[in-house]
$ cat final26.tsv   # TSV, C-alpha atoms and all ligand atoms
chain	number	residue	atom	x	y	z
A	7	MET	CA	-1.45	-41.11	10.30
A	8	LEU	CA	1.74	-41.30	12.37
A	9	ASP	CA	0.46	-44.38	14.20
A	10	GLU	CA	-0.35	-46.03	10.90
A	11	ALA	CA	3.15	-45.26	9.58
A	12	LYS	CA	4.69	-46.69	12.75
A	13	ARG	CA	2.58	-49.82	12.48
A	14	ILE	CA	3.60	-50.36	8.84
A	15	LEU	CA	7.24	-49.63	9.68
A	16	ALA	CA	7.22	-52.27	12.42
A	17	ASP	CA	5.84	-54.76	9.87
A	18	LEU	CA	8.51	-53.85	7.31
A	19	ILE	CA	11.33	-54.10	9.87
A	20	ALA	CA	10.15	-57.61	10.76
A	21	PHE	CA	11.03	-58.77	7.22
A	22	PRO	CA	14.80	-59.42	7.47
A	23	THR	CA	15.51	-58.21	3.94
A	24	VAL	CA	19.29	-58.27	4.16
A	25	SER	CA	20.59	-57.85	0.61
A	26	VAL	CA	21.77	-61.46	0.19
A	27	ASP	CA	18.33	-62.79	1.11
A	28	SER	CA	15.00	-62.75	-0.70
A	29	ASN	CA	12.71	-59.71	-0.41
A	30	LEU	CA	9.71	-61.50	-1.89
A	31	GLU	CA	7.72	-61.75	1.35
A	32	MET	CA	8.02	-58.05	1.96
A	33	VAL	CA	7.14	-57.28	-1.67
A	34	ALA	CA	4.04	-59.49	-1.33
A	35	TYR	CA	3.04	-57.62	1.84
A	36	ILE	CA	3.44	-54.22	0.13
A	37	ALA	CA	1.65	-55.42	-3.01
A	38	ALA	CA	-1.33	-56.66	-0.99
A	39	TYR	CA	-1.48	-53.41	0.95
A	40	LEU	CA	-1.34	-51.23	-2.18
A	41	GLU	CA	-3.84	-53.35	-4.09
A	42	ASP	CA	-6.17	-52.94	-1.13
A	43	VAL	CA	-6.12	-49.18	-1.54
A	44	GLY	CA	-6.72	-49.50	-5.29
A	45	ALA	CA	-3.23	-49.30	-6.78
A	46	ARG	CA	-2.24	-51.18	-9.92
A	47	VAL	CA	0.78	-53.19	-8.80
A	48	GLU	CA	3.44	-54.70	-11.03
A	49	ILE	CA	6.11	-57.05	-9.69
A	50	TRP	CA	9.26	-57.55	-11.71
A	51	HIS	CA	11.48	-60.44	-10.60
A	52	ASP	CA	15.25	-60.57	-10.87
A	53	PRO	CA	16.82	-63.31	-13.06
A	54	THR	CA	17.04	-65.71	-10.08
A	55	GLY	CA	13.40	-65.24	-9.13
A	56	ALA	CA	14.40	-64.75	-5.46
A	57	LYS	CA	14.02	-60.97	-5.45
A	58	ALA	CA	11.79	-58.43	-7.08
A	59	ASN	CA	11.14	-54.79	-7.77
A	60	LEU	CA	7.68	-53.43	-7.18
A	61	PHE	CA	6.12	-50.67	-9.28
A	62	ALA	CA	2.65	-49.42	-8.41
A	63	THR	CA	0.41	-46.68	-9.74
A	64	LEU	CA	-2.36	-44.70	-8.09
A	65	GLY	CA	-4.37	-42.31	-10.23
A	66	PRO	CA	-4.81	-41.91	-13.98
A	67	GLU	CA	-2.76	-43.99	-16.44
A	68	VAL	CA	-0.95	-41.04	-17.94
A	69	ASP	CA	2.58	-39.75	-18.29
A	70	GLY	CA	4.04	-37.09	-16.04
A	71	GLY	CA	3.56	-38.82	-12.69
A	72	LEU	CA	5.57	-38.59	-9.52
A	73	VAL	CA	7.63	-41.60	-8.36
A	74	LEU	CA	8.21	-42.25	-4.65
A	75	SER	CA	11.20	-44.51	-4.58
A	76	GLY	CA	13.11	-46.55	-2.05
A	77	HIS	CA	14.96	-49.79	-1.61
A	78	CYS	CA	13.66	-52.83	0.26
A	79	ASP	CA	17.01	-54.26	1.28
A	80	VAL	CA	19.04	-53.55	4.39
A	81	VAL	CA	22.67	-54.11	5.34
A	82	PRO	CA	23.61	-57.14	7.49
A	83	VAL	CA	23.51	-57.12	11.29
A	84	ALA	CA	26.15	-59.81	11.79
A	85	ASP	CA	29.07	-58.69	14.00
A	86	GLN	CA	27.12	-55.67	15.24
A	87	ASP	CA	26.33	-55.16	18.89
A	88	TRP	CA	22.60	-54.43	19.08
A	89	ALA	CA	20.84	-53.58	22.34
A	90	SER	CA	17.64	-55.20	21.03
A	91	ASP	CA	16.52	-57.54	18.22
A	92	PRO	CA	17.27	-55.57	15.03
A	93	PHE	CA	14.22	-57.08	13.27
A	94	ASP	CA	11.77	-56.28	16.04
A	95	MET	CA	11.15	-52.54	16.04
A	96	VAL	CA	11.39	-50.91	19.46
A	97	GLU	CA	10.19	-47.41	20.40
A	98	ARG	CA	12.35	-45.65	22.98
A	99	ASP	CA	12.86	-41.96	23.82
A	100	GLY	CA	11.12	-40.65	20.71
A	101	ARG	CA	13.05	-42.96	18.45
A	102	LEU	CA	12.25	-46.11	16.52
A	103	TYR	CA	15.05	-48.66	16.68
A	104	GLY	CA	15.57	-51.45	14.17
A	105	ARG	CA	17.58	-52.43	11.10
A	106	GLY	CA	16.31	-50.32	8.20
A	107	THR	CA	14.36	-47.78	10.25
A	108	CYS	CA	16.29	-44.90	8.71
A	109	ASP	CA	17.86	-46.67	5.69
A	110	MET	CA	15.24	-46.70	4.41
A	111	LYS	CA	12.07	-48.44	5.39
A	112	GLY	CA	10.95	-45.30	7.23
A	113	PHE	CA	10.33	-43.59	3.91
A	114	LEU	CA	8.61	-46.69	2.51
A	115	ALA	CA	6.33	-46.83	5.56
A	116	ALA	CA	5.49	-43.12	5.28
A	117	SER	CA	4.66	-43.46	1.56
A	118	LEU	CA	2.50	-46.53	2.22
A	119	ALA	CA	0.70	-44.90	5.15
A	120	MET	CA	-0.17	-41.99	2.83
A	121	ALA	CA	-1.38	-44.28	0.02
A	122	PRO	CA	-5.06	-44.29	1.13
A	123	ARG	CA	-5.03	-40.46	1.04
A	124	PHE	CA	-3.31	-40.44	-2.34
A	125	ALA	CA	-6.01	-42.82	-3.55
A	126	ALA	CA	-8.82	-40.67	-2.20
A	127	THR	CA	-7.54	-37.47	-3.81
A	128	PRO	CA	-8.69	-36.64	-7.34
A	129	ARG	CA	-5.58	-36.03	-9.41
A	130	SER	CA	-4.56	-35.40	-13.02
A	131	ARG	CA	-1.19	-37.08	-12.66
A	132	PRO	CA	-0.43	-40.45	-11.07
A	133	ILE	CA	1.66	-41.20	-8.02
A	134	HIS	CA	3.93	-44.22	-8.45
A	135	PHE	CA	5.71	-46.37	-5.89
A	136	ALA	CA	9.00	-47.83	-7.07
A	137	PHE	CA	10.54	-50.11	-4.48
A	138	THR	CA	13.71	-51.94	-5.41
A	139	TYR	CA	15.89	-54.83	-4.28
A	140	ASP	CA	19.68	-54.85	-3.86
A	141	GLU	CA	20.44	-51.16	-3.46
A	142	GLU	CA	23.04	-51.80	-0.78
A	143	THR	CA	24.98	-54.10	-3.08
A	144	GLY	CA	25.35	-51.62	-5.93
A	145	CYS	CA	21.86	-50.50	-6.97
A	146	VAL	CA	21.43	-53.70	-8.99
A	147	GLY	CA	17.66	-53.72	-8.54
A	148	ALA	CA	17.27	-50.12	-9.64
A	149	GLY	CA	19.28	-50.93	-12.75
A	150	HIS	CA	16.70	-53.61	-13.59
A	151	LEU	CA	13.89	-51.25	-12.64
A	152	ALA	CA	15.28	-48.70	-15.09
A	153	GLN	CA	15.19	-51.30	-17.86
A	154	SER	CA	11.59	-52.20	-17.00
A	155	LEU	CA	10.56	-48.54	-16.83
A	156	ALA	CA	12.23	-47.76	-20.16
A	157	ARG	CA	9.85	-50.34	-21.72
A	158	HIS	CA	6.82	-49.19	-19.71
A	159	ASP	CA	3.80	-47.41	-21.28
A	160	LEU	CA	3.95	-44.68	-18.64
A	161	ARG	CA	6.64	-42.02	-18.45
A	162	PRO	CA	6.84	-40.51	-14.96
A	163	ALA	CA	8.32	-37.01	-14.91
A	164	MET	CA	9.39	-36.58	-11.29
A	165	ALA	CA	10.92	-38.70	-8.56
A	166	ILE	CA	11.66	-38.46	-4.85
A	167	VAL	CA	14.19	-40.98	-3.56
A	168	GLY	CA	13.63	-41.20	0.19
A	169	GLU	CA	17.14	-41.98	1.44
A	170	PRO	CA	17.80	-40.40	4.85
A	171	THR	CA	18.61	-36.68	4.41
A	172	MET	CA	16.91	-35.33	7.57
A	173	MET	CA	14.20	-34.23	5.11
A	174	GLN	CA	16.59	-31.85	3.37
A	175	VAL	CA	16.17	-31.48	-0.37
A	176	ILE	CA	19.22	-32.95	-2.09
A	177	ASP	CA	19.78	-32.56	-5.80
A	178	GLY	CA	23.22	-34.00	-6.33
A	179	HIS	CA	25.57	-36.78	-5.33
A	180	LYS	CA	28.51	-38.63	-6.73
A	181	GLY	CA	28.26	-41.89	-8.63
A	182	CYS	CA	29.03	-45.21	-6.99
A	183	PHE	CA	31.03	-47.76	-8.95
A	184	GLU	CA	31.74	-51.07	-7.23
A	185	TYR	CA	34.04	-53.86	-8.33
A	186	THR	CA	35.29	-57.24	-7.21
A	187	THR	CA	38.69	-58.20	-8.58
A	188	ARG	CA	39.74	-61.85	-8.37
A	189	PHE	CA	43.34	-63.03	-8.55
A	190	ARG	CA	44.02	-66.58	-9.67
A	191	GLY	CA	47.59	-67.79	-9.00
A	192	LEU	CA	49.33	-71.10	-8.43
A	193	GLU	CA	49.54	-72.85	-5.08
A	194	GLY	CA	52.94	-73.86	-3.78
A	195	HIS	CA	55.11	-74.36	-0.72
A	196	GLY	CA	56.09	-71.25	1.20
A	197	SER	CA	59.72	-72.26	1.08
A	198	ALA	CA	59.80	-71.98	-2.74
A	199	PRO	CA	58.15	-68.69	-3.68
A	200	ASP	CA	59.46	-68.75	-7.26
A	201	LEU	CA	57.57	-71.96	-8.05
A	202	GLY	CA	54.15	-70.56	-7.22
A	203	VAL	CA	52.11	-67.53	-8.22
A	204	ASN	CA	51.15	-65.74	-5.03
A	205	ALA	CA	47.65	-64.37	-5.56
A	206	VAL	CA	47.78	-62.30	-2.37
A	207	GLU	CA	50.99	-60.56	-3.46
A	208	TYR	CA	49.44	-59.62	-6.81
A	209	ALA	CA	46.34	-58.39	-5.02
A	210	VAL	CA	48.53	-56.19	-2.82
A	211	ARG	CA	50.33	-54.72	-5.83
A	212	TYR	CA	47.01	-54.09	-7.56
A	213	THR	CA	45.77	-52.39	-4.38
A	214	ALA	CA	48.90	-50.22	-4.22
A	215	LYS	CA	48.28	-49.13	-7.83
A	216	LEU	CA	44.70	-48.17	-6.94
A	217	LEU	CA	45.97	-46.09	-4.02
A	218	GLU	CA	48.36	-44.32	-6.39
A	219	LEU	CA	45.45	-43.59	-8.74
A	220	ARG	CA	43.47	-42.33	-5.77
A	221	GLU	CA	46.06	-39.57	-5.31
A	222	ALA	CA	45.94	-38.76	-9.03
A	223	LEU	CA	42.16	-38.34	-8.78
A	224	LYS	CA	42.60	-35.46	-6.33
A	225	ALA	CA	44.54	-33.52	-8.96
A	226	ARG	CA	41.76	-34.17	-11.48
A	227	ALA	CA	39.05	-32.54	-9.33
A	228	PRO	CA	37.03	-30.00	-11.33
A	229	GLN	CA	37.43	-26.34	-10.35
A	230	ASP	CA	34.63	-25.14	-8.07
A	231	GLY	CA	33.24	-28.66	-7.86
A	232	PRO	CA	30.16	-28.69	-5.59
A	233	PHE	CA	30.97	-31.95	-3.82
A	234	ASP	CA	32.70	-32.66	-0.51
A	235	PRO	CA	35.39	-33.78	-1.03
A	236	PRO	CA	35.41	-32.23	-4.53
A	237	TRP	CA	37.32	-35.10	-6.12
A	238	THR	CA	36.48	-38.68	-7.00
A	239	THR	CA	37.21	-40.95	-4.03
A	240	LEU	CA	38.38	-44.56	-4.12
A	241	ASN	CA	38.05	-47.09	-1.30
A	242	ILE	CA	39.58	-50.49	-0.66
A	243	GLY	CA	36.71	-52.30	1.07
A	244	ALA	CA	37.90	-55.87	1.55
A	245	LEU	CA	40.99	-57.86	0.71
A	246	ASN	CA	40.85	-61.61	1.27
A	247	GLY	CA	43.18	-64.45	0.45
A	248	GLY	CA	45.36	-67.17	1.80
A	249	LYS	CA	45.02	-69.58	4.73
A	250	VAL	CA	48.27	-70.34	6.55
A	251	HIS	CA	51.83	-69.10	6.94
A	252	ASN	CA	53.64	-71.61	4.78
A	253	VAL	CA	51.43	-71.99	1.71
A	254	ILE	CA	51.53	-69.76	-1.38
A	255	PRO	CA	47.93	-68.66	-1.71
A	256	PRO	CA	46.40	-69.47	-5.11
A	257	LYS	CA	43.44	-67.12	-4.75
A	258	ALA	CA	42.71	-63.62	-3.54
A	259	GLN	CA	39.79	-61.26	-3.83
A	260	LEU	CA	39.61	-57.50	-3.60
A	261	ASP	CA	36.39	-55.51	-3.19
A	262	TRP	CA	36.79	-51.85	-4.07
A	263	GLU	CA	34.75	-48.88	-5.14
A	264	MET	CA	35.03	-45.37	-6.48
A	265	ARG	CA	32.64	-42.43	-6.34
A	266	PRO	CA	33.08	-40.37	-9.47
A	267	VAL	CA	32.37	-36.65	-9.55
A	268	GLN	CA	32.64	-36.86	-13.33
A	269	PRO	CA	32.32	-39.85	-15.68
A	270	SER	CA	35.81	-39.24	-17.10
A	271	ASP	CA	37.42	-40.10	-13.74
A	272	ALA	CA	35.95	-43.59	-13.81
A	273	VAL	CA	37.24	-44.07	-17.35
A	274	PHE	CA	40.69	-42.86	-16.21
A	275	VAL	CA	40.93	-45.33	-13.32
A	276	LYS	CA	39.62	-48.24	-15.35
A	277	GLU	CA	42.05	-47.62	-18.21
A	278	GLN	CA	45.06	-47.13	-15.95
A	279	ILE	CA	44.44	-50.23	-13.87
A	280	ALA	CA	43.67	-52.33	-16.95
A	281	ASP	CA	47.01	-51.25	-18.50
A	282	PHE	CA	48.86	-52.12	-15.28
A	283	VAL	CA	47.25	-55.56	-15.22
A	284	ALA	CA	47.84	-56.29	-18.90
A	285	GLN	CA	51.37	-54.92	-19.15
A	286	GLU	CA	52.91	-55.76	-15.76
A	287	LEU	CA	51.01	-58.12	-13.49
A	288	VAL	CA	49.66	-60.76	-15.84
A	289	PRO	CA	52.87	-61.17	-17.90
A	290	GLU	CA	54.82	-61.68	-14.65
A	291	MET	CA	52.30	-64.21	-13.38
A	292	GLN	CA	52.33	-66.09	-16.68
A	293	ARG	CA	56.11	-66.40	-16.70
A	294	VAL	CA	55.63	-68.95	-13.89
A	295	PHE	CA	52.41	-70.60	-15.01
A	296	PRO	CA	50.16	-69.93	-18.02
A	297	ASP	CA	46.75	-70.54	-16.48
A	298	VAL	CA	46.57	-67.62	-14.07
A	299	GLY	CA	44.77	-64.34	-14.25
A	300	ILE	CA	43.13	-61.24	-12.84
A	301	GLU	CA	39.48	-60.64	-13.54
A	302	THR	CA	37.30	-57.77	-12.44
A	303	GLU	CA	33.57	-58.16	-11.99
A	304	VAL	CA	31.41	-55.05	-12.13
A	305	ILE	CA	29.13	-55.20	-9.09
A	306	GLY	CA	27.40	-51.95	-9.93
A	307	GLU	CA	28.11	-48.74	-11.76
A	308	VAL	CA	25.54	-46.37	-10.36
A	309	ALA	CA	25.39	-43.01	-12.03
A	310	GLY	CA	25.73	-39.88	-9.93
A	311	LEU	CA	22.88	-37.41	-9.54
A	312	GLU	CA	24.00	-34.37	-11.43
A	313	PRO	CA	22.77	-31.05	-10.06
A	314	VAL	CA	20.87	-29.35	-12.90
A	315	ARG	CA	19.26	-25.93	-13.28
A	316	GLN	CA	15.84	-27.15	-14.38
A	317	ASN	CA	14.49	-29.50	-11.72
A	318	ALA	CA	10.72	-29.32	-11.15
A	319	THR	CA	10.86	-31.76	-8.21
A	320	LYS	CA	13.48	-29.66	-6.46
A	321	ASP	CA	11.47	-26.47	-7.08
A	322	LEU	CA	8.30	-28.09	-5.70
A	323	LEU	CA	9.92	-29.55	-2.59
A	324	MET	CA	11.83	-26.37	-1.81
A	325	ARG	CA	8.60	-24.40	-2.06
A	326	LEU	CA	6.75	-26.89	0.18
A	327	THR	CA	9.50	-27.15	2.79
A	328	GLY	CA	10.34	-23.44	2.72
A	329	ALA	CA	13.99	-24.34	2.14
A	330	ASN	CA	16.02	-21.67	0.43
A	331	SER	CA	18.76	-23.95	-0.78
A	332	SER	CA	19.15	-27.51	-1.88
A	333	GLY	CA	22.14	-29.62	-0.91
A	334	LEU	CA	24.44	-32.42	-1.90
A	335	VAL	CA	25.26	-35.66	-0.13
A	336	PRO	CA	28.46	-37.70	-0.16
A	337	PHE	CA	26.69	-41.06	-0.54
A	338	GLY	CA	25.22	-42.76	-3.60
A	339	THR	CA	21.54	-43.45	-4.21
A	340	GLU	CA	19.31	-44.72	-6.97
A	341	ALA	CA	18.47	-41.13	-7.98
A	342	GLY	CA	20.93	-40.95	-10.87
A	343	ILE	CA	19.23	-43.92	-12.48
A	344	PHE	CA	15.89	-42.08	-12.51
A	345	GLN	CA	17.61	-38.93	-13.79
A	346	GLN	CA	18.98	-40.94	-16.70
A	347	LEU	CA	15.40	-41.90	-17.54
A	348	GLY	CA	14.67	-38.19	-17.97
A	349	MET	CA	12.99	-37.48	-14.63
A	350	ASP	CA	13.51	-34.48	-12.38
A	351	VAL	CA	14.85	-36.09	-9.22
A	352	VAL	CA	15.66	-35.19	-5.65
A	353	VAL	CA	16.76	-37.22	-2.67
A	354	CYS	CA	14.70	-36.37	0.40
A	355	GLY	CA	13.82	-38.68	3.25
A	356	PRO	CA	13.50	-39.06	7.01
A	357	GLY	CA	16.37	-39.83	9.35
A	358	SER	CA	20.08	-39.30	9.26
A	359	ILE	CA	22.66	-41.20	7.24
A	360	GLU	CA	24.73	-41.07	10.45
A	361	GLN	CA	22.58	-43.88	11.82
A	362	ALA	CA	22.55	-45.95	8.65
A	363	HIS	CA	24.42	-49.24	8.53
A	364	LYS	CA	25.30	-49.09	12.26
A	365	ALA	CA	24.25	-51.09	15.29
A	366	ASN	CA	21.18	-49.63	17.01
A	367	GLU	CA	20.06	-47.86	13.84
A	368	PHE	CA	17.13	-45.58	14.64
A	369	LEU	CA	14.71	-43.11	13.16
A	370	ASP	CA	13.51	-40.06	15.09
A	371	ILE	CA	9.72	-40.17	15.24
A	372	ASP	CA	9.75	-36.45	14.53
A	373	GLN	CA	11.46	-37.18	11.20
A	374	LEU	CA	8.80	-39.73	10.28
A	375	SER	CA	6.15	-37.20	11.12
A	376	ARG	CA	7.84	-34.49	9.01
A	377	CYS	CA	8.01	-36.92	6.11
A	378	LEU	CA	4.27	-37.60	6.37
A	379	ASP	CA	3.59	-33.84	6.42
A	380	LEU	CA	5.65	-33.31	3.29
A	381	LEU	CA	3.95	-36.18	1.44
A	382	GLN	CA	0.58	-34.69	2.43
A	383	GLN	CA	1.67	-31.34	0.95
A	384	VAL	CA	2.90	-33.03	-2.20
A	385	ASN	CA	-0.44	-34.76	-2.49
A	386	ASP	CA	-2.30	-31.45	-2.07
A	387	ALA	CA	-0.08	-29.83	-4.68
A	388	PHE	CA	-1.17	-32.41	-7.26
A	389	ALA	CA	-4.84	-32.50	-6.26
A	390	VAL	CA	-7.44	-31.25	-8.72
A	391	SER	CA	-10.56	-29.78	-7.21
N	1	ZN	ZN	19.80	-46.64	1.61
$ encode --input "final26.tsv" --output "structure tokens"
Amino acid sequence: MLDEAKRILADLIAFPTVSVDSNLEMVAYIAAYLEDVGARVEIWHDPTGAKANLFATLGPEVDGGLVLSGHCDVVPVADQDWASDPFDMVERDGRLYGRGTCDMKGFLAASLAMAPRFAATPRSRPIHFAFTYDEETGCVGAGHLAQSLARHDLRPAMAIVGEPTMMQVIDGHKGCFEYTTRFRGLEGHGSAPDLGVNAVEYAVRYTAKLLELREALKARAPQDGPFDPPWTTLNIGALNGGKVHNVIPPKAQLDWEMRPVQPSDAVFVKEQIADFVAQELVPEMQRVFPDVGIETEVIGEVAGLEPVRQNATKDLLMRLTGANSSGLVPFGTEAGIFQQLGMDVVVCGPGSIEQAHKANEFLDIDQLSRCLDLLQQVNDAFAVS
């Protein structure tokens, strides 16, 4: 079983499914594999047709199934110093190296390797595979998957999202809200700053306001909040604009995100920054030139996974792993989206988030093997004799 999982993982790593690129070849590979073992496979394309979500079902066509979920995309490798080709999986010292080994094709490979066993086991409830596109760019694919599932005949009841947790059972994380704000000013000569609208300067002032709000968020942290840190965080990810010393830059772009511990924090930040833009920045810009502006595009607003008392998936996985507590993680996943569809959801997958997104990303083979064991136990737990 482990060899099969490794073989599939090597195949998956060889598809360079960086978020900006198509995942269709990998989806076709997975679809063919799952159809071979008898799954009913549905492929749902994104509006551009260049990417797709895959949803597959093994077992009876009834409600109450278990979803094994993961994303197909990986983060870019550009500007990273890799010791080997990131899209050619290499085994070394008990580890599998390659882009996506831990985040999170390892879980996909383990689920697929188990599929023939799932298929061969008589069961009263189905096992579903839900593999998405564009997780790394704001869980866009999972958002579309949620819309497709809301219209679907079948209502799965449980979900395991296999992001790397070192196989720990995780039942909560913050939300992840990502934005791109674009500043449109007026070009001019550097020697006459009053005749232009400097987009970079407005972007800097907007950024400073966000940093001020970031401090305010700390004071809003709920008492006894379970998260670490217990408040909503805000990050300035990229700030771009301008070309040379002596030109007033007409354009700037800011990529930023926040990770709400409570929905009201996101509302707070959005209202405060919108007021600042409408009452201070834009009127000042328009005093020089009318056709200027600041627009914010929502890249993704991914709900958090809220720890809840009643969680059948958590209870099952804790029983199977012998864990006596579940945990929280500081990163976002697609789990909140499944929770909003009414499922009991945990995050549990092989590998460590420490290795994710970095050069020489790897997955410990032991982790892959533990994941296979757990999936086998899950399968046994649903078997009917
Ligand atoms: Zn991931």
$ axis_aligned_box --input "final26.tsv" --around "range 377-387 of chain A" --padding-each-side "5 Å" --output "AutoDock Vina command-line options"
--center_x 2.9 --center_y -33.7 --center_z 0.9 --size_x 20.3 --size_y 17.8 --size_z 21.1
$ closest_atom_pairs --input "final26.tsv" --of "chain A" --to "ligand ZN 1 (chain N)" --cutoff "7 Å" --atoms "only C-alpha atoms and all ligand atoms" --output "Markdown table"
| residue | atom | partner | partner_atom | distance |
| --- | --- | --- | --- | --- |
| A:His77 | CA | N:ZN1 | ZN | 6.6 |
| A:Asp109 | CA | N:ZN1 | ZN | 4.5 |
| A:Met110 | CA | N:ZN1 | ZN | 5.4 |
| A:Glu141 | CA | N:ZN1 | ZN | 6.8 |
| A:Glu142 | CA | N:ZN1 | ZN | 6.5 |
| A:Glu169 | CA | N:ZN1 | ZN | 5.4 |
| A:Thr339 | CA | N:ZN1 | ZN | 6.9 |
$ closest_residue --input "final26.tsv" --among "A:Gly202, A:Pro235, A:Gly194, A:Gly306" --to "Thr143 in chain A" --atoms "all atoms listed in the file"
A:Gly306
$ residues_around --input "final26.tsv" --residues "Ala214 in chain A" --least-positions-apart "6" --cutoff "12 Å" --atoms "all atoms listed in the file" --output "list in words"
Glu207, Tyr208, Arg220, Glu221, Leu240, Asn241, Ile242, Leu260, Ile279 and Phe282 of chain A
$ write_last_selection --input "final26.tsv" --atoms "C-alpha atoms" --output "PDB file, in the coordinates of the input"
ATOM      1  CA  GLU A 207      50.990 -60.560  -3.460  1.00  0.00           C
ATOM      2  CA  TYR A 208      49.440 -59.620  -6.810  1.00  0.00           C
ATOM      3  CA  ARG A 220      43.470 -42.330  -5.770  1.00  0.00           C
ATOM      4  CA  GLU A 221      46.060 -39.570  -5.310  1.00  0.00           C
ATOM      5  CA  LEU A 240      38.380 -44.560  -4.120  1.00  0.00           C
ATOM      6  CA  ASN A 241      38.050 -47.090  -1.300  1.00  0.00           C
ATOM      7  CA  ILE A 242      39.580 -50.490  -0.660  1.00  0.00           C
ATOM      8  CA  LEU A 260      39.610 -57.500  -3.600  1.00  0.00           C
ATOM      9  CA  ILE A 279      44.440 -50.230 -13.870  1.00  0.00           C
ATOM     10  CA  PHE A 282      48.860 -52.120 -15.280  1.00  0.00           C
TER      11      PHE A 282
END
$ closest_residue --input "final26.tsv" --among "A:Glu97, A:Asp350, A:Asp281, A:Glu286" --to "Asp9 in chain A" --atoms "all atoms listed in the file"
A:Glu97
$ atom_distance --input "final26.tsv" --atom1 "CA of Asp372 in chain A" --atom2 "CA of Met7 in chain A"
12.8 Å
$ residues_around --input "final26.tsv" --residues "Asp200 in chain A" --least-positions-apart "6" --cutoff "12 Å" --atoms "all atoms listed in the file" --output "PyMOL selection string"
chain A and resi 192-194+254+290-291+293-295
$ residues_around --input "final26.tsv" --residues "Val96 in chain A" --least-positions-apart "3" --cutoff "12 Å" --atoms "only C-alpha atoms" --output "number ranges by chain"
A: 12-13, 15-17, 19-20, 88-93, 99-105, 107, 366-371
$ atom_distance --input "final26.tsv" --atom1 "CA of Ala244 in chain A" --atom2 "CA of Leu219 in chain A"
17.7 Å
$ atom_distance --input "final26.tsv" --atom1 "CA of Ser28 in chain A" --atom2 "CA of Lys364 in chain A"
21.5 Å
$ residues_around --input "final26.tsv" --residues "Glu301 in chain A" --least-positions-apart "6" --cutoff "7 Å" --atoms "all atoms listed in the file" --output "PyMOL selection string"
chain A and resi 187-189
$ residues_around --input "final26.tsv" --residues "Val308 in chain A" --least-positions-apart "6" --cutoff "9 Å" --atoms "all atoms listed in the file" --output "ChimeraX atom specification"
/A:144-146,149,181-184,338-340,342-343
